[in-house]
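As stored in final09.cif (mmCIF, C-alpha atoms):
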```cif
data_final
#
loop_
_atom_site.label_atom_id
_atom_site.label_comp_id
_atom_site.auth_asym_id
_atom_site.auth_seq_id
_atom_site.Cartn_x
_atom_site.Cartn_y
_atom_site.Cartn_z
CA MET A 1379 33.81 4.68 -2.52
CA THR A 1380 33.22 1.13 -3.73
CA ASN A 1381 33.36 -0.07 -0.11
CA VAL A 1382 30.76 2.50 0.95
CA LEU A 1383 28.47 1.41 -1.88
CA THR A 1384 28.91 -2.27 -0.92
CA ILE A 1385 27.99 -1.43 2.69
CA LEU A 1386 24.95 0.57 1.54
CA ASP A 1387 23.85 -2.28 -0.75
CA ALA A 1388 24.13 -4.71 2.16
CA GLY A 1389 22.25 -2.18 4.32
CA ILE A 1390 19.34 -2.10 1.87
CA SER A 1391 19.36 -5.88 1.43
CA ILE A 1392 19.54 -6.62 5.17
CA LEU A 1393 18.21 -3.68 7.21
CA VAL A 1394 15.07 -2.93 5.17
CA PRO A 1395 13.84 -6.56 5.07
CA GLY A 1396 14.89 -6.97 8.71
CA LEU A 1397 12.78 -4.00 9.79
CA VAL A 1398 9.77 -4.85 7.63
CA TRP A 1399 9.77 -8.59 8.35
CA THR A 1400 10.11 -7.97 12.10
CA LEU A 1401 7.05 -5.71 11.96
CA LEU A 1402 5.13 -8.33 9.98
CA ALA A 1403 6.21 -11.15 12.31
CA VAL A 1404 5.14 -9.25 15.45
CA GLY A 1405 1.85 -8.23 13.80
CA LEU A 1406 1.08 -11.75 12.62
CA TYR A 1407 1.90 -13.14 16.07
CA GLN A 1408 -0.47 -10.64 17.70
CA LEU A 1409 -3.17 -11.40 15.12
CA ALA A 1410 -2.81 -15.16 15.67
CA ARG A 1411 -3.01 -14.65 19.46
CA GLU A 1412 -6.15 -12.52 19.07
CA VAL A 1413 -7.77 -15.12 16.81
CA ILE A 1414 -6.94 -17.97 19.23
CA GLN A 1415 -8.19 -15.97 22.24
CA GLY A 1416 -11.35 -15.04 20.30
CA ALA A 1417 -11.99 -18.70 19.42
CA GLY A 1418 -11.42 -19.71 23.08
CA ALA A 1419 -13.86 -17.08 24.34
CA HIS A 1420 -16.41 -18.16 21.72
CA GLU A 1421 -16.07 -21.79 22.87
CA ARG A 1422 -16.48 -20.83 26.55
CA VAL A 1423 -19.65 -18.86 25.75
CA ALA A 1424 -20.98 -21.77 23.67
CA SER A 1425 -20.29 -24.35 26.44
CA GLY A 1426 -21.80 -22.00 29.04
CA THR A 1427 -24.96 -21.68 26.95
CA ARG A 1428 -25.23 -25.48 26.55
CA SER A 1429 -24.90 -26.12 30.30
CA MET B 1456 -30.75 32.72 14.33
CA SER B 1457 -28.12 32.96 11.66
CA VAL B 1458 -27.03 30.16 9.39
CA THR B 1459 -23.69 30.43 7.70
CA ASN B 1460 -23.07 28.44 4.56
CA GLN B 1461 -19.39 28.47 3.79
CA ILE B 1462 -18.09 26.95 0.59
CA THR B 1463 -14.34 26.41 0.83
CA LEU B 1464 -12.26 25.80 -2.24
CA ASP B 1465 -8.91 25.68 -0.45
CA ALA B 1466 -7.20 22.33 -0.23
CA HIS B 1467 -7.07 20.66 3.19
CA PRO B 1468 -3.79 21.62 4.88
CA PRO B 1469 -1.32 18.81 5.77
CA LEU B 1470 -2.30 18.93 9.46
CA GLU B 1471 -5.93 18.12 8.56
CA MET B 1472 -4.79 15.54 6.01
CA ALA B 1473 -2.87 13.70 8.73
CA GLU B 1474 -5.95 13.72 10.98
CA ARG B 1475 -8.15 12.48 8.11
CA MET B 1476 -5.64 9.75 7.27
CA GLU B 1477 -5.78 8.40 10.83
CA ASP B 1478 -9.60 8.33 10.72
CA VAL B 1479 -9.61 6.71 7.25
CA GLY B 1480 -7.09 4.14 8.53
CA VAL B 1481 -9.35 3.22 11.45
CA LYS B 1482 -12.38 2.89 9.14
CA LYS B 1483 -10.45 0.72 6.68
CA ALA B 1484 -9.00 -1.58 9.33
CA THR B 1485 -12.30 -2.10 11.14
CA MET B 1486 -14.33 -2.82 7.99
CA ASP B 1487 -16.27 -6.08 7.65
CA PRO B 1488 -13.79 -8.65 6.20
CA TRP B 1489 -15.94 -9.73 3.27
CA SER B 1490 -16.51 -6.14 2.08
CA MET B 1491 -12.78 -5.56 2.53
CA PHE B 1492 -11.97 -8.63 0.43
CA ALA B 1493 -14.44 -7.70 -2.35
CA LEU B 1494 -13.06 -4.16 -2.52
CA ALA B 1495 -9.52 -5.60 -2.64
CA VAL B 1496 -10.45 -7.87 -5.57
CA LEU B 1497 -11.68 -4.74 -7.38
CA ALA B 1498 -8.45 -2.86 -6.62
CA GLY B 1499 -6.35 -5.76 -7.97
CA SER B 1500 -8.25 -5.72 -11.24
CA PHE B 1501 -8.22 -1.89 -11.44
CA ILE B 1502 -4.43 -1.77 -11.11
CA GLY B 1503 -4.21 -4.62 -13.62
CA LEU B 1504 -6.28 -2.56 -16.07
CA GLY B 1505 -3.83 0.31 -15.67
CA ALA B 1506 -0.96 -2.12 -16.30
CA GLU B 1507 -2.67 -3.54 -19.38
CA PHE B 1508 -3.33 -0.02 -20.74
CA PHE B 1509 0.35 0.82 -20.13
CA THR B 1510 1.50 -2.29 -22.03
CA LEU B 1511 -0.72 -1.49 -24.99
CA VAL B 1512 0.24 2.19 -25.25
CA ILE B 1513 4.03 1.80 -25.04
CA THR B 1514 4.02 -0.87 -27.79
CA ASP B 1515 5.37 0.58 -31.03
CA SER B 1516 4.49 4.12 -29.99
CA GLY B 1517 7.20 5.57 -32.24
CA LEU B 1518 8.20 7.96 -29.46
CA GLY B 1519 11.62 8.39 -27.91
CA PHE B 1520 12.57 6.62 -24.65
CA GLY B 1521 11.52 9.38 -22.24
CA MET B 1522 8.28 10.33 -24.01
CA ASN B 1523 7.29 6.65 -24.33
CA LYS B 1524 7.75 6.24 -20.57
CA LEU B 1525 5.85 9.46 -19.88
CA ILE B 1526 2.84 8.42 -21.96
CA GLY B 1527 2.93 4.95 -20.38
CA GLY B 1528 3.01 6.48 -16.90
CA LEU B 1529 0.11 8.79 -17.66
CA VAL B 1530 -2.17 5.99 -18.85
CA PHE B 1531 -1.20 3.75 -15.91
CA CYS B 1532 -2.81 6.38 -13.63
CA LEU B 1533 -6.14 4.82 -14.64
CA GLY B 1534 -5.55 2.15 -12.00
CA LEU B 1535 -5.15 4.44 -8.99
CA ILE B 1536 -7.83 6.85 -10.24
CA LEU B 1537 -10.29 3.94 -10.28
CA VAL B 1538 -9.14 2.84 -6.82
CA VAL B 1539 -9.46 6.29 -5.24
CA ILE B 1540 -12.55 7.63 -7.00
CA ALA B 1541 -14.59 4.43 -7.44
CA GLY B 1542 -13.47 3.14 -4.04
CA ALA B 1543 -11.39 -0.01 -3.56
CA GLU B 1544 -8.85 -1.47 -1.14
CA LEU B 1545 -5.29 -1.43 -2.46
CA PHE B 1546 -2.50 -3.01 -0.39
CA THR B 1547 0.13 -0.41 -1.31
CA GLY B 1548 -2.15 2.53 -0.50
CA ASN B 1549 -3.22 0.81 2.71
CA ASN B 1550 0.40 0.91 3.93
CA LEU B 1551 -0.60 4.42 5.07
CA ILE B 1552 -2.70 2.74 7.81
CA ILE B 1553 0.60 2.59 9.71
CA MET B 1554 -0.21 6.20 10.65
CA ALA B 1555 -3.25 5.12 12.70
CA TRP B 1556 -1.18 2.37 14.36
CA VAL B 1557 1.67 4.72 15.28
CA GLY B 1558 -0.96 7.13 16.61
CA GLY B 1559 -2.32 4.38 18.89
CA LYS B 1560 -5.73 4.24 17.20
CA LEU B 1561 -5.24 0.68 15.87
CA SER B 1562 -3.44 -2.40 17.12
CA LEU B 1563 -0.74 -3.99 14.95
CA ALA B 1564 -2.99 -7.07 14.71
CA GLN B 1565 -5.73 -4.95 13.11
CA VAL B 1566 -3.24 -3.55 10.59
CA MET B 1567 -2.05 -7.09 9.74
CA ARG B 1568 -5.62 -8.35 9.36
CA ASN B 1569 -6.30 -5.56 6.84
CA TRP B 1570 -3.04 -6.11 4.95
CA LEU B 1571 -3.51 -9.90 4.75
CA ILE B 1572 -7.10 -9.73 3.48
CA VAL B 1573 -6.35 -6.88 1.06
CA TYR B 1574 -3.16 -8.51 -0.31
CA ALA B 1575 -5.04 -11.77 -0.94
CA GLY B 1576 -7.94 -9.88 -2.57
CA ASN B 1577 -5.57 -7.87 -4.77
CA LEU B 1578 -3.91 -11.12 -5.92
CA VAL B 1579 -7.28 -12.70 -6.77
CA GLY B 1580 -8.39 -9.57 -8.70
CA SER B 1581 -5.10 -9.34 -10.64
CA LEU B 1582 -5.03 -13.04 -11.54
CA GLY B 1583 -8.69 -12.89 -12.58
CA LEU B 1584 -7.87 -10.03 -14.95
CA VAL B 1585 -4.86 -11.95 -16.32
CA VAL B 1586 -7.18 -14.85 -17.26
CA PHE B 1587 -9.63 -12.53 -19.03
CA MET B 1588 -6.84 -10.65 -20.83
CA TYR B 1589 -5.23 -13.88 -21.97
CA PHE B 1590 -8.46 -15.22 -23.45
CA SER B 1591 -9.29 -11.84 -24.99
CA ARG B 1592 -6.29 -12.46 -27.30
CA GLN B 1593 -5.54 -8.74 -27.07
CA TRP B 1594 -1.85 -9.69 -26.90
CA MET B 1595 -2.06 -10.65 -30.60
CA PHE B 1596 -2.51 -6.95 -31.56
CA SER B 1597 0.11 -5.37 -33.80
CA ASN B 1598 1.45 -8.75 -34.96
CA TYR B 1599 1.88 -10.10 -31.42
CA ARG B 1600 3.98 -7.09 -30.44
CA VAL B 1601 1.64 -6.22 -27.54
CA GLY B 1602 2.29 -9.72 -26.19
CA ALA B 1603 6.02 -9.26 -26.83
CA THR B 1604 5.99 -6.04 -24.74
CA ALA B 1605 4.17 -7.83 -21.90
CA LEU B 1606 6.67 -10.69 -22.01
CA THR B 1607 9.67 -8.32 -22.05
CA ILE B 1608 8.29 -6.38 -19.05
CA ALA B 1609 7.68 -9.58 -17.05
CA ASN B 1610 11.14 -10.97 -17.87
CA ALA B 1611 12.87 -7.74 -16.82
CA LYS B 1612 11.01 -7.82 -13.48
CA VAL B 1613 11.98 -11.37 -12.53
CA ASN B 1614 15.63 -10.69 -13.43
CA LEU B 1615 16.04 -7.84 -10.93
CA SER B 1616 18.52 -8.32 -8.10
CA PHE B 1617 17.15 -8.42 -4.52
CA SER B 1618 18.49 -4.97 -3.61
CA ALA B 1619 17.27 -3.44 -6.89
CA ALA B 1620 13.78 -4.87 -6.34
CA ILE B 1621 13.69 -3.58 -2.74
CA SER B 1622 14.97 -0.12 -3.74
CA ARG B 1623 12.54 0.18 -6.64
CA GLY B 1624 9.69 -1.08 -4.43
CA THR B 1625 10.56 1.48 -1.76
CA LEU B 1626 10.63 4.37 -4.22
CA CYS B 1627 7.47 3.19 -5.94
CA ASN B 1628 5.34 3.05 -2.85
CA ALA B 1629 6.72 6.28 -1.47
CA LEU B 1630 5.29 7.89 -4.63
CA VAL B 1631 2.03 5.86 -4.54
CA CYS B 1632 1.44 6.77 -0.88
CA LEU B 1633 2.29 10.39 -1.61
CA ALA B 1634 -0.35 10.29 -4.36
CA VAL B 1635 -2.92 8.85 -1.92
CA TRP B 1636 -1.77 11.37 0.71
CA LEU B 1637 -2.27 14.24 -1.78
CA THR B 1638 -5.80 13.04 -2.59
CA LEU B 1639 -6.66 13.68 1.08
CA SER B 1640 -6.03 17.35 0.44
CA GLY B 1641 -8.60 17.45 -2.36
CA ARG B 1642 -12.28 18.27 -2.08
CA SER B 1643 -13.48 17.33 -5.58
CA VAL B 1644 -12.98 14.48 -8.06
CA THR B 1645 -10.87 16.81 -10.23
CA ASP B 1646 -8.61 17.68 -7.29
CA LYS B 1647 -8.07 14.01 -6.55
CA ILE B 1648 -7.30 13.04 -10.17
CA LEU B 1649 -4.80 15.89 -10.48
CA ALA B 1650 -3.18 14.84 -7.22
CA ILE B 1651 -2.71 11.29 -8.55
CA LEU B 1652 -1.32 12.16 -12.00
CA PHE B 1653 2.22 13.32 -11.29
CA PRO B 1654 3.37 10.91 -8.54
CA ILE B 1655 2.00 7.86 -10.39
CA THR B 1656 3.35 8.95 -13.76
CA ALA B 1657 6.73 9.51 -12.08
CA PHE B 1658 6.84 6.03 -10.55
CA VAL B 1659 5.79 4.23 -13.73
CA ALA B 1660 8.04 6.27 -16.01
CA SER B 1661 10.97 5.69 -13.64
CA GLY B 1662 10.47 1.92 -13.79
CA PHE B 1663 9.84 1.48 -10.06
CA GLU B 1664 8.23 -1.71 -8.77
CA HIS B 1665 4.63 -2.01 -7.56
CA SER B 1666 3.77 -5.37 -5.97
CA ILE B 1667 0.11 -5.33 -7.06
CA ALA B 1668 0.89 -4.25 -10.65
CA ASN B 1669 3.45 -7.09 -10.74
CA MET B 1670 0.62 -9.49 -9.82
CA TYR B 1671 -0.68 -8.67 -13.32
CA PHE B 1672 2.55 -8.16 -15.30
CA ILE B 1673 4.42 -11.32 -14.27
CA PRO B 1674 1.55 -13.89 -14.49
CA MET B 1675 0.67 -12.41 -17.91
CA GLY B 1676 4.29 -13.01 -18.96
CA LEU B 1677 4.12 -16.55 -17.56
CA LEU B 1678 1.13 -17.32 -19.79
CA LEU B 1679 2.60 -15.62 -22.88
CA LYS B 1680 5.88 -17.52 -22.43
CA GLY B 1681 4.08 -20.52 -23.93
CA GLU B 1682 3.05 -18.67 -27.12
CA PRO B 1683 5.63 -19.22 -29.93
CA GLU B 1684 4.44 -16.19 -31.96
CA VAL B 1685 4.97 -13.91 -28.95
CA LEU B 1686 8.45 -15.37 -28.35
CA THR B 1687 9.34 -14.71 -31.99
CA ALA B 1688 7.94 -11.15 -31.90
CA ALA B 1689 9.95 -10.44 -28.72
CA GLY B 1690 13.10 -12.01 -30.19
CA PHE B 1691 13.60 -14.36 -27.26
CA VAL B 1692 15.35 -17.69 -27.60
CA ALA B 1693 15.35 -20.66 -25.23
CA GLY B 1694 17.18 -19.76 -22.04
CA ASP B 1695 16.38 -16.04 -22.16
CA LEU B 1696 13.31 -16.65 -20.03
CA ALA B 1697 14.89 -19.06 -17.54
CA GLN B 1698 13.96 -16.82 -14.56
CA LEU B 1699 10.37 -16.29 -15.71
CA THR B 1700 8.82 -18.97 -13.51
CA VAL B 1701 6.37 -19.10 -10.59
CA GLY B 1702 9.41 -19.13 -8.28
CA GLY B 1703 10.76 -15.99 -9.98
CA PHE B 1704 7.33 -14.37 -9.54
CA VAL B 1705 7.27 -15.20 -5.80
CA ASN B 1706 10.86 -13.95 -5.33
CA ASN B 1707 9.98 -10.67 -7.04
CA LEU B 1708 6.82 -10.27 -4.95
CA VAL B 1709 8.67 -10.87 -1.66
CA ALA B 1710 11.35 -8.26 -2.41
CA VAL B 1711 9.01 -5.70 -3.98
CA THR B 1712 6.35 -6.04 -1.26
CA THR B 1713 9.06 -5.54 1.39
CA GLY B 1714 10.20 -2.38 -0.38
CA ASN B 1715 6.61 -1.20 -0.81
CA ILE B 1716 5.90 -1.54 2.93
CA PHE B 1717 9.10 0.29 3.80
CA GLY B 1718 8.48 3.11 1.31
CA GLY B 1719 4.81 3.63 2.10
CA GLY B 1720 4.62 2.66 5.75
CA PHE B 1721 7.92 4.00 7.07
CA LEU B 1722 9.04 6.74 4.69
CA VAL B 1723 5.63 8.36 4.17
CA ALA B 1724 3.11 7.33 6.87
CA ALA B 1725 5.44 7.22 9.87
CA VAL B 1726 7.32 10.33 8.78
CA TYR B 1727 4.15 12.39 8.31
CA TRP B 1728 2.79 11.11 11.64
CA PHE B 1729 6.03 12.24 13.28
CA ILE B 1730 5.79 15.69 11.70
CA TYR B 1731 2.07 16.44 12.08
CA ARG B 1732 0.50 14.12 14.66
CA ARG B 1733 3.27 13.57 17.22
CA PRO B 1734 3.21 17.20 18.51
CA LYS B 1735 -0.54 16.86 19.14
CA VAL B 1736 -0.12 13.53 20.93
CA LEU B 1737 2.61 15.06 23.12
CA ALA B 1738 0.47 18.13 23.87
CA ASP B 1739 -2.50 15.88 24.80
CA GLU B 1740 -0.23 13.84 27.07
CA VAL B 1741 1.06 16.95 28.86
CA ARG B 1742 -2.52 18.24 29.23
CA SER B 1743 -3.82 14.96 30.68
CA ARG B 1744 -0.81 14.70 33.00
CA SER B 1745 -1.34 18.21 34.38
CA ALA B 1746 -5.07 17.51 34.74
CA ALA B 1747 -4.26 14.33 36.71
CA ARG B 1748 -1.83 16.29 38.91
CA ALA B 1749 -4.47 18.95 39.57
CA ASP B 1750 -7.00 16.20 40.46
CA ALA B 1751 -4.51 14.61 42.86
CA LEU B 1752 -3.82 17.95 44.56
CA GLN B 1753 -7.55 18.63 44.87
CA THR B 1754 -8.15 15.16 46.40
CA THR B 1755 -5.32 15.71 48.92
CA ALA B 1756 -6.74 19.10 49.84
CA ASP B 1757 -10.25 17.62 50.26
CA GLU B 1758 -8.92 14.77 52.42
CA SER B 1759 -6.97 17.09 54.69
CA ALA B 1760 -9.98 19.37 54.97
CA SER B 1761 -12.30 16.51 56.02
CA SER B 1762 -9.82 14.77 58.41
CA PRO B 1763 -10.57 14.95 62.26
CA ALA B 1764 -7.37 16.88 62.92
CA ALA B 1765 -8.37 19.51 60.49
CA SER B 1766 -11.97 19.67 61.71
CA GLY B 1767 -10.77 19.72 65.39
#
```
Could you express the structure from this file as structure tokens?
Amino acid sequence: MTNVLTILDAGISILVPGLVWTLLAVGLYQLAREVIQGAGAHERVASGTRS
Amino acid sequence: MSVTNQITLDAHPPLEMAERMEDVGVKKATMDPWSMFALAVLAGSFIGLGAEFFTLVITDSGLGFGMNKLIGGLVFCLGLILVVIAGAELFTGNNLIIMAWVGGKLSLAQVMRNWLIVYAGNLVGSLGLVVFMYFSRQWMFSNYRVGATALTIANAKVNLSFSAAISRGTLCNALVCLAVWLTLSGRSVTDKILAILFPITAFVASGFEHSIANMYFIPMGLLLKGEPEVLTAAGFVAGDLAQLTVGGFVNNLVAVTTGNIFGGGFLVAAVYWFIYRRPKVLADEVRSRSAARADALQTTADESASSPAASG
């Protein structure tokens, strides 16, 4: 019983953060990529307007 | 021409609630960032007001353990009632946006943008309220015992183990998101307040952990730690508050926020999407696939009809 509880405790302490932090990491990566692409597109439009 | 005016008093059924939640999620995530931030600052201070009310009411109430918790939970509902009825952006409630992402109506980047802005706004609102509450000297009430309660609450929070903080955060936000989910069934202000009362009272009375409420509770404790009268009223001696530091606050927030996202985003939003929205998505997919197949068959038939062999 104690072993099962130890495994469950480890499950909560490892699996839950693992799942949530993976979601956050992927989301933040996608957000950063969108922001960088947006800034690049903005710069291209700005340089196109200047020329 | 006949005009029918139907007044419906029935609550929205869960199927409609799921559809409304997806639409609300899209609206929230695509809102102008400055409005989103301002609404999040409000939500942070609203939840802080609920936390402050809770601290005041449970101090020297003279009630037994369970009743004291029950009364504290009931008054804490002020926070979410203000958020839902007055309108504000609360990080924990916004974990339900996951439903719109799972349903393919939002990208994960849009969800993250909303969560980041709202979390930062909630923190600013909570800390702003902490400053006002500290200078209001309200913690001196009842011979500094209100301050002692606030300090005891903050110290208990920073001393939680990682798995306890995650578990309590999970359970807390499952109940908070269920409260927000229930408000989607309501048509009037009364419906919505009644929907909030029981889940929120349950989470507060049970001692579960809410990341945004902790943005008020723990910083308030950090400030009161420096007040000797509060330390005396709480019966703390040097060393009892060793964990009550900015580092302890950050550790608590990391664990509790993780639990909150899991409880609200996975156990409520994703589960309800799976139950109520997935069958519709599958049915739509089957319909569009059979329509595409019918189109392809029609095109093949047209081509064979117009080919020279066929015409010859």
Legend entry - Nearest to chain B by atom-to-atom distance, counting only C-alpha atoms, from A:Ile1414, A:Met1379, A:Ile1385, A:Gly1405: A:Gly1405
Inset, instruction - Using all atoms listed in the file, determine which residues of chain B fall within 6 Å of chain A; present them as a PyMOL selection string. - result: chain B and resi 1563-1564+1567+1618
Inset, instruction - Please check which residues have atoms at most 12 Å from (-14.2, -3.0, 6.5) in the file's coordinates, counting all atoms listed in the file, and write them as a list in words. - result: Val1479, Gly1480, Val1481, Lys1482, Lys1483, Ala1484, Thr1485, Met1486, Asp1487, Pro1488, Trp1489, Ser1490, Met1491, Phe1492, Ala1493, Leu1494, Ala1495, Ala1543, Glu1544, Gln1565, Val1566, Arg1568, Asn1569, Trp1570, Ile1572 and Val1573 of chain B
Inset, instruction - State, in Å with one decimal place, the distance from atom CA of Gly1527 of chain B to atom CA of Leu1511 of chain B. - result: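 Going from atom CA of Gly1527 of chain B over to atom CA of Leu1511 of chain B covers 8.7 Å.
Taking atom CA of Val1736 of chain B as the reference point, atom CA of Arg1748 of chain B is found at 18.3 Å.
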Legend entry - Pick from B:Gly1720, B:Gly1703, B:Gly1694, B:Gly1676 nearest to Val1586 of chain B, counting all atoms listed in the file: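 Closest to Val1586 of chain B of all the choices is B:Gly1676.
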Legend entry - Contacts of Asn1715 of chain B at 8 Å (only C-alpha atoms; same-chain gap of 5+ positions) as a PyMOL selection string: chain B and resi 1547+1621+1624-1629+1665-1666+1720
Inset, instruction - Apply the PyMOL selection byres ((chain B and resi 1601) around 9) to the file shown and report the selected residues as a list of chain:residue names. - result: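 After applying the PyMOL selection byres ((chain B and resi 1601) around 9), what remains is B:Thr1510, B:Leu1511, B:Val1512, B:Ile1513, B:Thr1514, B:Asp1515, B:Gln1593, B:Trp1594, B:Met1595, B:Phe1596, B:Ser1597, B:Asn1598, B:Tyr1599, B:Arg1600, B:Gly1602, B:Ala1603, B:Thr1604, B:Ala1605, B:Leu1606, B:Val1685.
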Inset, instruction - Specify as number ranges by chain each residue included when the PyMOL selection byres ((chain B and resi 1587) around 12) is applied to this file. - result: B: 1500, 1503-1504, 1507, 1580-1586, 1588-1594, 1671, 1675, 1678
Could those selected residues go to a file with C-alpha atoms, as a PDB file, in the coordinates of the input?
```pdb
ATOM      1  CA  SER B1500      -8.250  -5.720 -11.240  1.00  0.00           C
ATOM      2  CA  GLY B1503      -4.210  -4.620 -13.620  1.00  0.00           C
ATOM      3  CA  LEU B1504      -6.280  -2.560 -16.070  1.00  0.00           C
ATOM      4  CA  GLU B1507      -2.670  -3.540 -19.380  1.00  0.00           C
ATOM      5  CA  GLY B1580      -8.390  -9.570  -8.700  1.00  0.00           C
ATOM      6  CA  SER B1581      -5.100  -9.340 -10.640  1.00  0.00           C
ATOM      7  CA  LEU B1582      -5.030 -13.040 -11.540  1.00  0.00           C
ATOM      8  CA  GLY B1583      -8.690 -12.890 -12.580  1.00  0.00           C
ATOM      9  CA  LEU B1584      -7.870 -10.030 -14.950  1.00  0.00           C
ATOM     10  CA  VAL B1585      -4.860 -11.950 -16.320  1.00  0.00           C
ATOM     11  CA  VAL B1586      -7.180 -14.850 -17.260  1.00  0.00           C
ATOM     12  CA  MET B1588      -6.840 -10.650 -20.830  1.00  0.00           C
ATOM     13  CA  TYR B1589      -5.230 -13.880 -21.970  1.00  0.00           C
ATOM     14  CA  PHE B1590      -8.460 -15.220 -23.450  1.00  0.00           C
ATOM     15  CA  SER B1591      -9.290 -11.840 -24.990  1.00  0.00           C
ATOM     16  CA  ARG B1592      -6.290 -12.460 -27.300  1.00  0.00           C
ATOM     17  CA  GLN B1593      -5.540  -8.740 -27.070  1.00  0.00           C
ATOM     18  CA  TRP B1594      -1.850  -9.690 -26.900  1.00  0.00           C
ATOM     19  CA  TYR B1671      -0.680  -8.670 -13.320  1.00  0.00           C
ATOM     20  CA  MET B1675       0.670 -12.410 -17.910  1.00  0.00           C
ATOM     21  CA  LEU B1678       1.130 -17.320 -19.790  1.00  0.00           C
TER      22      LEU B1678
END
```
Inset, instruction - Please measure the separation of atom CA of Thr1687 of chain B and atom CA of Asn1610 of chain B, giving the value in Å to one decimal. - result: 14.7 Å
Legend entry - Nearest-residue call for Leu1525 of chain B, choices B:Ala1756, B:Ala1555, B:Val1701, B:Leu1652, using all atoms listed in the file: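 Ranking B:Ala1756, B:Ala1555, B:Val1701, B:Leu1652 by distance to Leu1525 of chain B, first place goes to B:Leu1652.
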Inset, instruction - Find the residue from B:Gln1753, B:Phe1721, B:Leu1637, B:Gly1521 that sits nearest to Gly1662 of chain B; use all atoms listed in the file when measuring. - result: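 So, comparing all the options, the nearest one is B:Gly1521.
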Legend entry - Residue contacts of Trp1636 of chain B (12 Å, all atoms listed in the file) excluding same-chain residues fewer than 6 positions away, as a PyMOL selection string: chain B and resi 1467-1477+1479-1480+1539+1548-1552+1554+1628-1630+1647+1650-1651+1654+1719-1720+1723-1724+1727-1728
Inset, instruction - Would you kindly return, as an NGL selection string, each protein, DNA or RNA residue with an atom no farther than 8 Å from any atom of Ala1506 of chain B, considering all atoms listed in the file and excluding same-chain residues fewer than 6 positions away? - result: :B and (1531 or 1534 or 1668 or 1671-1672)
Legend entry - Shell around Ala1697 of chain B at 12 Å using all atoms listed in the file, local window under 4 positions removed, as a list of chain:residue names: B:Ala1609, B:Asn1610, B:Ala1611, B:Val1613, B:Asn1614, B:Leu1677, B:Lys1680, B:Phe1691, B:Val1692, B:Ala1693, B:Val1701, B:Gly1702, B:Gly1703, B:Phe1704
Take the residues that were just selected and, keeping C-alpha atoms, output them as a PDB file, in the frame of the given file.
```pdb
ATOM      1  CA  ALA B1609       7.680  -9.580 -17.050  1.00  0.00           C
ATOM      2  CA  ASN B1610      11.140 -10.970 -17.870  1.00  0.00           C
ATOM      3  CA  ALA B1611      12.870  -7.740 -16.820  1.00  0.00           C
ATOM      4  CA  VAL B1613      11.980 -11.370 -12.530  1.00  0.00           C
ATOM      5  CA  ASN B1614      15.630 -10.690 -13.430  1.00  0.00           C
ATOM      6  CA  LEU B1677       4.120 -16.550 -17.560  1.00  0.00           C
ATOM      7  CA  LYS B1680       5.880 -17.520 -22.430  1.00  0.00           C
ATOM      8  CA  PHE B1691      13.600 -14.360 -27.260  1.00  0.00           C
ATOM      9  CA  VAL B1692      15.350 -17.690 -27.600  1.00  0.00           C
ATOM     10  CA  ALA B1693      15.350 -20.660 -25.230  1.00  0.00           C
ATOM     11  CA  VAL B1701       6.370 -19.100 -10.590  1.00  0.00           C
ATOM     12  CA  GLY B1702       9.410 -19.130  -8.280  1.00  0.00           C
ATOM     13  CA  GLY B1703      10.760 -15.990  -9.980  1.00  0.00           C
ATOM     14  CA  PHE B1704       7.330 -14.370  -9.540  1.00  0.00           C
TER      15      PHE B1704
END
```
Inset, instruction - Skip Phe1617 of chain B itself and residues of its chain fewer than 5 positions away, then list as a PyMOL selection string all residues within 9 Å of it, counting all atoms listed in the file. - result: (chain A and resi 1391) or (chain B and resi 1622+1706-1707+1710-1711)
Deliver the residues from the most recent selection as a file, using C-alpha atoms, as a compact mmCIF listing (two decimals), in the coordinates of the input.
```
# COMPACT_ATOMS: atom_id res chain seq x y z
CA SER A 1391 19.36 -5.88 1.43
CA SER B 1622 14.97 -0.12 -3.74
CA ASN B 1706 10.86 -13.95 -5.33
CA ASN B 1707 9.98 -10.67 -7.04
CA ALA B 1710 11.35 -8.26 -2.41
CA VAL B 1711 9.01 -5.70 -3.98
```
Could you work out an axis-aligned bounding box for all listed atoms of segment 1471-1485 of chain B, with 8 Å added on each of the six sides, and give its centre and edge lengths in Å to one decimal, as AutoDock Vina command-line options?
```
--center_x -7.6 --center_y 8.0 --center_z 8.7 --size_x 25.5 --size_y 36.2 --size_z 21.4
```
